[in-house]
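Single-structure report; data block below.
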Amino acid sequence: MRIIFLGPPGAGKGTQSQNICRDYGIRQISTGEILRKHTTEGTELGKEAANFMKRGELVPDNLMIDIIISELKKPEFAKGFLLDGFPRTPVQAEALDGIMAKYGIKLTCVLVLEVPHEEIVKRISLRRTDRKTGKTYHLLFNPPPPGEALELYQREDDHEDTVKHRLVVYESRTKPLIKYYSSMGLAHRINGVGTLEEVYGKITKILDEQIHK
Ligand code: ADP
Ligand code: ADP
């Protein structure tokens, strides 16, 4: 399966990606996590990306497309992948089409997780991320398991003003992709409000239909 996960920041894409990858035997590619790793390691790419990320702006398309080209070359993605956080602009989507055509592969579907802005602000304000694994928790809705040695921190771009800006950026630059993939018959909209289990139930229904198509 080759899946794109679209949806505003904080909708629950990362959380649900873990379930999907566990149950459907595919690997996640999270461009946000790749960028955060570069920033922590202090690479040139990390330094350049950090200027955009901390302001809640998108990292330039050419840098993102280079990252995806080198990721998709890796043998572990031959069986399938779930793209979480890419593409985020029409230019990135068209580049992805080109890369996939070159490999002779097609997308299975595009999951669009929809969550209203007020709910997103609640989710992101209490989101905490584990520095080692990149896994996210929520202090109320998805608390970290007691006793595990986690290094939880709050992302610099998860503070309220930056989140609001990221939502504006999502609306103007990423949302047009829903139309793009709908016109190809690939987009499936999912109401992302509900418990983690309820939302995952809606996702598996769609993915199981794809398998049996
Ligand atoms: P979110 O919580 O919004 O899903 P991500 O971890 O996916 O956050 O992304 C964090 C930041 O990394 C974004 O705000 C953006 O600056 C940068 N980023 C990640 N993926 C992309 C992309 N495909 N194009 C441009 N910028 C990106
Ligand atoms: P994204 O990857 O789309 O940016 P995350 O998966 O990190 O989003 O989720 C954002 C925050 O919301 C996290 O703190 C996560 O634990 C929490 N969360 C995810 N799904 C739900 C849900 N269905 N209900 C309540 N909180 C959720």
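Residues in the structure tokens are numbered from 1 in each chain, the chains being A, B, ... in the order shown, and ligands are numbered from 1 in the order shown.
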
**Asked** Within 10 Å of ligand 2, counting only C-alpha atoms and all ligand atoms, which protein or nucleic acid residues do you find, written as an NGL selection string?
**Response** :A and (5-18 or 30 or 32-33 or 84-85 or 113-115 or 119-129 or 134-144 or 154 or 158 or 191-200)

**Item:** Residues flagged alpha helix (DSSP H) by DSSP in chain A, as a PyMOL selection string
**Value:** chain A and resi 13-24+31-41+44-53+61-72+90-103+117-125+160-169+176-183+196-211

**Request:** Tell me which protein, DNA and RNA residues are within 6 Å of A:Gly56, counting only C-alpha atoms, leaving out same-chain ones fewer than 2 positions away, and put them as number ranges by chain.
**Result:** A: 53-54, 162, 166

Using only N, CA and C atoms, please write the residues we just selected to a file, as a CSV table (one decimal), in the first residue's frame.
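Below you can see part13.csv, which holds the result:
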```csv
chain,number,residue,atom,x,y,z
A,53,MET,N,10.9,26.4,10.0
A,53,MET,CA,10.1,25.6,11.0
A,53,MET,C,9.7,26.4,12.2
A,54,LYS,N,10.7,27.1,12.8
A,54,LYS,CA,10.3,27.8,14.0
A,54,LYS,C,9.3,28.9,13.8
A,162,THR,N,2.3,30.2,16.9
A,162,THR,CA,2.9,29.5,15.8
A,162,THR,C,1.9,28.5,15.2
A,166,ARG,N,0.5,28.2,11.5
A,166,ARG,CA,0.6,26.9,10.7
A,166,ARG,C,-0.7,26.5,10.1
```

**Asked** Leaving out A:Lys179 and any residue of its chain fewer than 2 positions from it, which residues lie within 12 Å of it when counting only C-alpha atoms, given as a PyMOL selection string?
**Response** chain A and resi 6+90+93+110+112+174-177+181-189

**Asked** Between A:Leu107, A:Ile4, A:Met64, A:Ile29, which has the minimum distance to A:Leu45 (counting only C-alpha atoms)?
**Response** A:Met64

Selection: 6 Å around A:Leu82, only C-alpha atoms, excl. self and same-chain fewer than 5 positions, as a PDB file with N, CA and C atoms, in the first residue's frame:
```pdb
ATOM      1  N   ARG A   2       0.422   2.221  -0.765  1.00  0.00           N
ATOM      2  CA  ARG A   2       1.138   3.511  -0.781  1.00  0.00           C
ATOM      3  C   ARG A   2       0.119   4.604  -0.470  1.00  0.00           C
ATOM      4  N   ILE A   3       0.295   5.172   0.711  1.00  0.00           N
ATOM      5  CA  ILE A   3      -0.724   6.066   1.242  1.00  0.00           C
ATOM      6  C   ILE A   3      -0.144   7.451   1.508  1.00  0.00           C
ATOM      7  N   ILE A   4      -0.955   8.463   1.224  1.00  0.00           N
ATOM      8  CA  ILE A   4      -0.609   9.822   1.669  1.00  0.00           C
ATOM      9  C   ILE A   4      -1.574  10.182   2.782  1.00  0.00           C
ATOM     10  N   GLN A  28       6.397   4.295   7.695  1.00  0.00           N
ATOM     11  CA  GLN A  28       6.011   5.702   7.656  1.00  0.00           C
ATOM     12  C   GLN A  28       7.190   6.565   7.209  1.00  0.00           C
TER      13      GLN A  28
END
```

**Request:** For atom CA of A:Glu209 and atom CA of A:Arg22, quote the distance in Å rounded to one decimal.
**Result:**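 Atom-to-atom, atom CA of A:Glu209 to atom CA of A:Arg22, that is 17.9 Å.
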